[in-house]
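Down below is the structure, laid out as structure tokens.
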Amino acid sequence: METLFGIAVDGVAYGMILFIISVGLSVTLGLMRVVNLAHGAFAMVGGYVASYAAQTFGLPYAGALVVAVLLTVLATLPLETLLYRRIYGHANELSQVLLTIGLTFVIVASVNYLFGPSLKRIPLPELLQGTVALGPKSIPTHRAFVIVAGAVTLLGLWWLLERTDFGIRLRAAVDDPAMAAALGIRTERLYMATFALGTGLAALGGVLGAELLPLEPYYAIRYIVLFLAVVAVGGAGSVFGSAAAALALGVTDTAGKYLIPNFGEFFFYAALILILFRWPQGFFKGKTA
Amino acid sequence: MTTTLRKALLGAVFATALGAGAADAATIKVGVIAPFSGPFAMFGQTFKEGIAVYQAVHGKTVGADTVEFVFKDLDQANPAQSKALAQELIVKEKVSFLAGFAFTPDAMAVAPLIDEANIPAVIFNAATSAITEKSPRFVRSSFTLWQNTVPLANHVAKLGVKKAITAVSDYGPGIDGEAAFKATFEKAGGAVVDTIRMPLKSTDFAPFMQRIKDSGAEAVYAFLPAGPTTLAFAKAFADNGLKEKGIQFFGPGDITQEPDLPALGDAVLGMTTSFHYSQAHESAANKSFLAKYKELFGSSDNATFTSVGAYDGVHLIYTMLAKTGGKSDGLKAVEAVKGLSWESPRGPVTIDPDSRHIRQTIYLRTVERVNGKLQNTEKTSFPEQPDFGYKLGK
């Protein structure tokens with residue numbers, strides 16, 4: 001019983017971390033229909049910025065987090081204007097893949113050249129170190145914090161996309177750009193803002209997830225399959241879908257690794273195949289934000 | 001057909017031209033195959049640094065010959081590519097030595113080539129015991145999992161631990177480590193209650209920690225290759241209350257390699273590992289090694305077991321050259337270093353005449369904070385450890 005509870009808690013914690021590092025991709029891939037394979041690279045850039053802000057300039061964790069998100073957004077906005085703007089829309093999927101994977105390679109090589117191949121660390125504040133007890137099971141405080149941050153992000157995004165003018169316009173612009181533009185919606189600005197939202201979330205995930213997915217130059221490519229799996233299972237563009245997918249995959253993976261470790265990643269990918277077999281569009285495609 | 005022929009002819013012309021150029025310059029070339037980009041670039045970087053330090057100390061010439069290193073990037077374990085690169089180095093660059101090799105399959109793949117070309121290959125890292133059995137022209141300057149694990153397992157048994165569990169990465173060296181620990185620990189009277197093999201690409205280690213906790217073991221033997229996963233593993237160990245439950249951690253020192261220590265932080269404080277090199281090794285040889293490192297690269301923080309593996313590997317190459325006068329007979333060159341002893345930055349070492357693997361002192365170390373910097377402080381030493389795994393496999 002205690003073991004079952006342990007698996008459930010660890011699974012949910014892992015799932016929430018998966019969610020927080022993938023949700024940015026859900027925004028770009030789902031809402032903007034851009035297969036952004038550079039998502040991992042943006043997350044990594046965020047992580048590196050936070051690491052340097054905290055270690056070289058001595059900023060506190062929260063400050064480093066904010067700086068990382070802002071700087072990553074600022075650094076990637078020119079990319080939107082120069083590159084991404086040309087490849088929006090369904091017809092460009094191949095160009096999207098080629099452009100973003102190329103961008104990823106460039107970022108990986110630059111980070112390797114500039115910062116070297118060693119692991120980088122974002123020091124945690126006292127408050128987030130140690131463990132918290134949940135009944136018979138204790139989990140790292142940092143993970144509990146990530147779970148809370150994930151829940152807040154989830155609700156915040158839901159509110160933003162479903163309950164605000166911005167969300168309504170965005171959904172209109174994605175569904176029928178020509179009509180939305182004709183109605184006076186400034187689609188270019190809207191896309192830029194959404195792109196910024198996506199990269200900001202990527203940076204947030206990169207910083208918060210750094211304890212589990214450590215920062216090194218190859219981060220951008222190493223974990224991209226993980227991000228894509230979550231978004232594919234959740235249904236592109238659905239934040240609730242991404243959360244459900246991340247939790248399902250997290251719990252399956254944790255249970256599988258606990259019960260039969262030698263099977264390795266088998267359960268993760270088996271779950272992926274079965275879910276996509278049953279729901280080819282993912283859990284929540286087109287149902288909610 | 002004619003195009004193929006023309007290409008082949010052109011290729012031959014270029015090869016001869018390049019070869020002739022190399023011969024005129026009277027340089028001895030050493031081809032280094034290692035990851036210089038990608039996820040394992042740390043290996044390549046430290047190899048390069050180790051080589052540079054050796055050349056800075058001992059010069060770039062042996063007798064009348066200049067030694068030149070040619071680097072080939074192999075970004076991950078890829079035996080076919082390793083073979084292709086080795087072939088290119090041998091045929092086009094006319095190298096007299098091969099060196100490097102971060103991973104076992106890459107080293108194994110070149111065995112038939114070095115036999116055919118009759119040149120020695122010095123392995124700077126790849127740590128599966130079986131490699132040196134594949135060709136008499138392999139010499140290894142690194143370590144094996146057996147070598148590091150056997151003294152550790154005996155030590156754990158001596159501490160009075162009765163029940164232990166192993167958790168290793170699911171690939172060659174990990175399985176070597178598991179076998180070595182199990183065999184030694186059970187011989188010493190202990191019991192291994194469970195053996196966990198973790199996928200190489202694991203990111204979340206909480207489920208394995210839960211399993212270790214539930215197994216009732218008093219100690220865990222863990223091996224993961226140096227790199228990003230060790231961080232998540234060490235953190236999971238610290239955060240899942242295993243220490244509080246009194247479960248002791250033991251493992252080969254890959255998990256606390258020097259370049260990763262700042263990132264690992266307090267999670268590894270007090271961790272006991274067994275290894276052949278620590279940056280904190282107290283000896284004149286190590287001090288001057290680190291001083292040169294610092295002089296060349298601004299900081300010696302990255303000096304680690306792979307740098308020393310390369311440093312000593314170059315020492316072997318220089319010695320082979322000096323003793324055979326640069327004549328290209330691989331077997332004779334290897335013969336020349338059999339039984340060779342010298343003082344390495346890691347301590348006294350000898351090339352075992354049978355296994356052609358390096359005999360060395362294995363140290364039991366604890367991670368401590370000294371002057372604000374984490375280091376592997378050596379506590380106990382087990383001198384003259386051979387490769388216990390040689391010819392055990394088959």
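By convention in this document, the chains of the structure tokens carry letters A, B, ... by their order, each chain's residues are numbered from 1, and ligands are numbered from 1 in the order they are shown.
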
Shell of 9 Å around segment 340-354 of chain B, only C-alpha atoms, local chain residues under 5 positions omitted, as a PyMOL selection string:
chain B and resi 139-141+276-279+281-290+305+308+311-312+316+335+359-361+383-384+386-387

Within 7 Å of chain B, which residues of chain A show up when using only C-alpha atoms, listed as a list in words?
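The complete set of qualifying residues is Ile7, Asp10, Pro117, Ser118, Leu119, Lys120, Arg121, Gly130, Thr131, Ser138, Ile139, Pro140, Glu211, Leu212, Leu213, Pro214, Tyr218, Thr254, Lys257, Tyr258, Pro261, Asn262, Gly264 and Glu265 of chain A.
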
Go ahead and save the residues from that selection, with C-alpha atoms, as a short mmCIF file (atom, residue, chain, number, x, y, z; two decimals), in the first residue's frame.
```
data_model
loop_
_atom_site.label_atom_id
_atom_site.label_comp_id
_atom_site.auth_asym_id
_atom_site.auth_seq_id
_atom_site.Cartn_x
_atom_site.Cartn_y
_atom_site.Cartn_z
CA ILE A 7 4.60 5.21 -6.97
CA ASP A 10 6.52 10.00 -7.62
CA PRO A 117 30.32 20.66 -22.25
CA SER A 118 30.15 20.44 -18.44
CA LEU A 119 26.94 20.39 -16.42
CA LYS A 120 25.54 23.72 -15.30
CA ARG A 121 23.69 24.22 -12.08
CA GLY A 130 15.24 19.17 1.64
CA THR A 131 12.08 17.13 1.59
CA SER A 138 8.52 12.16 1.44
CA ILE A 139 9.23 14.02 -1.76
CA PRO A 140 11.82 16.69 -2.49
CA GLU A 211 16.95 19.44 -11.25
CA LEU A 212 15.61 16.50 -13.23
CA LEU A 213 16.87 17.30 -16.72
CA PRO A 214 20.31 18.77 -16.00
CA TYR A 218 23.02 18.57 -25.69
CA THR A 254 7.35 5.44 -12.77
CA LYS A 257 10.50 1.39 -13.76
CA TYR A 258 9.66 0.41 -10.21
CA PRO A 261 13.39 -1.90 -14.14
CA ASN A 262 15.03 -4.07 -16.80
CA GLY A 264 13.60 0.38 -19.19
CA GLU A 265 11.66 2.85 -21.23
#
```

B:Phe47, B:Tyr390, B:Phe138, B:Phe250: which is nearest Leu113 of chain B, counting only C-alpha atoms?
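Among B:Phe47, B:Tyr390, B:Phe138, B:Phe250, it is B:Phe138 that comes nearest to Leu113 of chain B.
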
Non-local contacts of segment 145-151 of chain A (7 Å; only C-alpha atoms; under 4 positions in same chain excluded) as a list in words
Ala13, Met16, Ile17, Ile20, Thr141, Leu155 and Leu208 of chain A

Please dump the current selection as a tab-separated table (two decimals), in the first residue's frame; keep C-alpha atoms.
```tsv
chain	number	residue	atom	x	y	z
A	13	ALA	CA	5.63	14.62	-9.46
A	16	MET	CA	4.10	17.58	-13.49
A	17	ILE	CA	7.72	18.22	-14.38
A	20	ILE	CA	5.91	22.21	-17.16
A	141	THR	CA	10.54	20.17	-1.67
A	155	LEU	CA	-4.92	27.47	-14.55
A	208	LEU	CA	12.20	24.64	-13.07
```

Would you kindly return, as number ranges by chain, each protein, DNA or RNA residue with an atom no farther than 7 Å from any atom of Leu190 of chain A, considering only C-alpha atoms and excluding same-chain residues fewer than 4 positions away?
A: 170, 186, 194

Dump N, CA and C atoms for the selected residues as a PDB file, in the first residue's frame?
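Contents of the output file result.pdb:
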```
ATOM      1  N   LEU A 170      -6.808  35.068 -30.474  1.00  0.00           N
ATOM      2  CA  LEU A 170      -5.776  34.123 -30.898  1.00  0.00           C
ATOM      3  C   LEU A 170      -6.412  32.914 -31.573  1.00  0.00           C
ATOM      4  N   ARG A 186      -5.110  42.215 -35.387  1.00  0.00           N
ATOM      5  CA  ARG A 186      -3.737  42.351 -35.904  1.00  0.00           C
ATOM      6  C   ARG A 186      -3.009  41.030 -35.683  1.00  0.00           C
ATOM      7  N   THR A 194       2.085  35.329 -28.963  1.00  0.00           N
ATOM      8  CA  THR A 194       1.944  33.914 -28.630  1.00  0.00           C
ATOM      9  C   THR A 194       3.282  33.212 -28.685  1.00  0.00           C
TER      10      THR A 194
END
```
